[in-house]
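Have a look at the structure below before the remarks.
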Amino acid sequence: AAARPNPATGSTTVAFTVAEAAQARVERYNVLGQRVLTAFDGTAAPGTEVSVDVDLAPLAAGVYLVRLESAGQVVTRQLTVVR
């Protein structure tokens with residue numbers, strides 16, 4: 001899954017599917033690699049979709065990375081914010 005819509009203006013949803021039951025964390029980073037927000041931090045069941053609604057209003061226009069880390073797996077999606 002990916003960010004919907006992308007590029008985005010007001011808000012968007014970022015979704016990931018978790019392969020196995022494990023602790024999962026979804027974090028957002030700016031292009032400098034600085035963590036901007038931890039959007040989800042909890043246990044996810046196998047095959048479930050972890051969806052995070054992202055309010056883009058406080059963010060500057062630009063590219064952000066949304067990263068899922070779960071059970072040793074890391075998946076990164078690019079999110080472009082436009083004004």
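Each chain in the structure tokens gets a letter, A, B, ..., in the order shown, and its residues are numbered from 1; ligands are numbered from 1 in order too.
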#### Entry: Exercise: Asp53 of chain A partners within 8 Å, only C-alpha atoms, chain neighbours under 4 positions left out, as JSON, numbers by chain
{"A": [11, 12, 13, 14]}
Grab the residues selected above and save them as a PDB file, in the first residue's frame with N, CA and C atoms.
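File out-v8.pdb, as written:
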```
ATOM      1  N   SER A  11      -4.938  16.353   3.804  1.00  0.00           N
ATOM      2  CA  SER A  11      -4.668  15.167   4.613  1.00  0.00           C
ATOM      3  C   SER A  11      -4.535  13.970   3.680  1.00  0.00           C
ATOM      4  N   THR A  12      -4.006  12.900   4.216  1.00  0.00           N
ATOM      5  CA  THR A  12      -3.843  11.677   3.433  1.00  0.00           C
ATOM      6  C   THR A  12      -3.834  10.495   4.390  1.00  0.00           C
ATOM      7  N   THR A  13      -3.970   9.307   3.838  1.00  0.00           N
ATOM      8  CA  THR A  13      -3.880   8.080   4.615  1.00  0.00           C
ATOM      9  C   THR A  13      -2.722   7.263   4.076  1.00  0.00           C
ATOM     10  N   VAL A  14      -1.881   6.787   4.979  1.00  0.00           N
ATOM     11  CA  VAL A  14      -0.770   5.916   4.607  1.00  0.00           C
ATOM     12  C   VAL A  14      -1.071   4.547   5.205  1.00  0.00           C
TER      13      VAL A  14
END
```
### Message
as an MDAnalysis selection string, please: every residue in chain A that DSSP puts in strand (DSSP E or B).
### Response
chainID A and resid 3:4 8 11:17 22:30 35:44 49:55 62:70 73:81
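In this model, the gap between atom CA of Ala19 of chain A and atom CA of Val66 of chain A comes to 17.6 Å.
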### Task
For Ala15 of chain A, list every protein, DNA or RNA residue within 12 Å, evaluated using only C-alpha atoms, and leave out those in the same chain fewer than 2 positions away; present the list as a list in words.
Ala1, Ala2, Ala3, Arg4, Pro5, Thr12, Thr13, Thr17, Val18, Val26, Ala39, Phe40, Thr48, Glu49, Val50, Ser51, Val52, Asp53, Val54, Val66, Arg67, Leu68, Val75, Thr76, Arg77, Gln78 and Leu79 of chain A
Output C-alpha atoms for every residue in that selection, as a JSON list (two decimals), in the first residue's frame.
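Just written: out-v2.json:
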```
[["chain", "number", "residue", "atom", "x", "y", "z"],
["A", 1, "ALA", "CA", 0.00, 0.00, 0.00],
["A", 2, "ALA", "CA", 1.02, 3.60, -0.30],
["A", 3, "ALA", "CA", -0.06, 7.11, 0.59],
["A", 4, "ARG", "CA", -3.47, 8.01, -0.83],
["A", 5, "PRO", "CA", -3.55, 10.57, -2.44],
["A", 12, "THR", "CA", -3.84, 11.68, 3.43],
["A", 13, "THR", "CA", -3.88, 8.08, 4.62],
["A", 17, "THR", "CA", 0.12, -4.53, 5.53],
["A", 18, "VAL", "CA", 1.87, -6.38, 8.36],
["A", 26, "VAL", "CA", 5.11, 3.89, 11.78],
["A", 39, "ALA", "CA", 2.20, 7.92, 14.01],
["A", 40, "PHE", "CA", 1.63, 4.36, 15.30],
["A", 48, "THR", "CA", -3.73, -6.61, 9.02],
["A", 49, "GLU", "CA", -3.44, -3.22, 7.46],
["A", 50, "VAL", "CA", -1.95, -0.50, 9.64],
["A", 51, "SER", "CA", -3.50, 2.77, 8.42],
["A", 52, "VAL", "CA", -2.33, 6.15, 9.60],
["A", 53, "ASP", "CA", -4.26, 9.34, 8.85],
["A", 54, "VAL", "CA", -1.85, 12.21, 8.35],
["A", 66, "VAL", "CA", 6.79, 7.34, 6.09],
["A", 67, "ARG", "CA", 8.48, 4.24, 7.51],
["A", 68, "LEU", "CA", 7.00, 1.02, 8.90],
["A", 75, "VAL", "CA", 9.11, -0.55, 4.45],
["A", 76, "THR", "CA", 9.39, 3.09, 3.41],
["A", 77, "ARG", "CA", 6.92, 5.14, 1.38],
["A", 78, "GLN", "CA", 7.46, 8.60, -0.04],
["A", 79, "LEU", "CA", 4.85, 11.27, 0.65]]
```
#### Entry: Contact residues around Ala57 of chain A with only C-alpha atoms at 12 Å, ignoring same-chain residues under 6 positions, as number ranges by chain
A: 8-12, 81-83
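Between Gly33 of chain A and the residues A:Val63, A:Leu56, A:Gly72, A:Thr80, the shortest atom-to-atom distance, using only C-alpha atoms, involves A:Val63.
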### Summary
atom CA of Gly42 of chain A sits from atom CA of Ala60 of chain A at a separation of 27.7 Å
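What separates atom CA of Pro58 of chain A from atom CA of Gln73 of chain A is a distance of 29.3 Å.
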### Task
Fewer than 3 positions away in the same chain doesn't count, so skip those; otherwise give me all residues within 12 Å of Ala71 of chain A, counting only C-alpha atoms, as a PyMOL selection string.
chain A and resi 18-25+43-46+68+74-75
### Task
Give the answer as one residue: which of A:Pro7, A:Gly47, A:Phe16, A:Asn30 has the shortest atom-to-atom distance to Leu59 of chain A, using only C-alpha atoms?
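Among the listed residues, the smallest separation from Leu59 of chain A belongs to A:Asn30.
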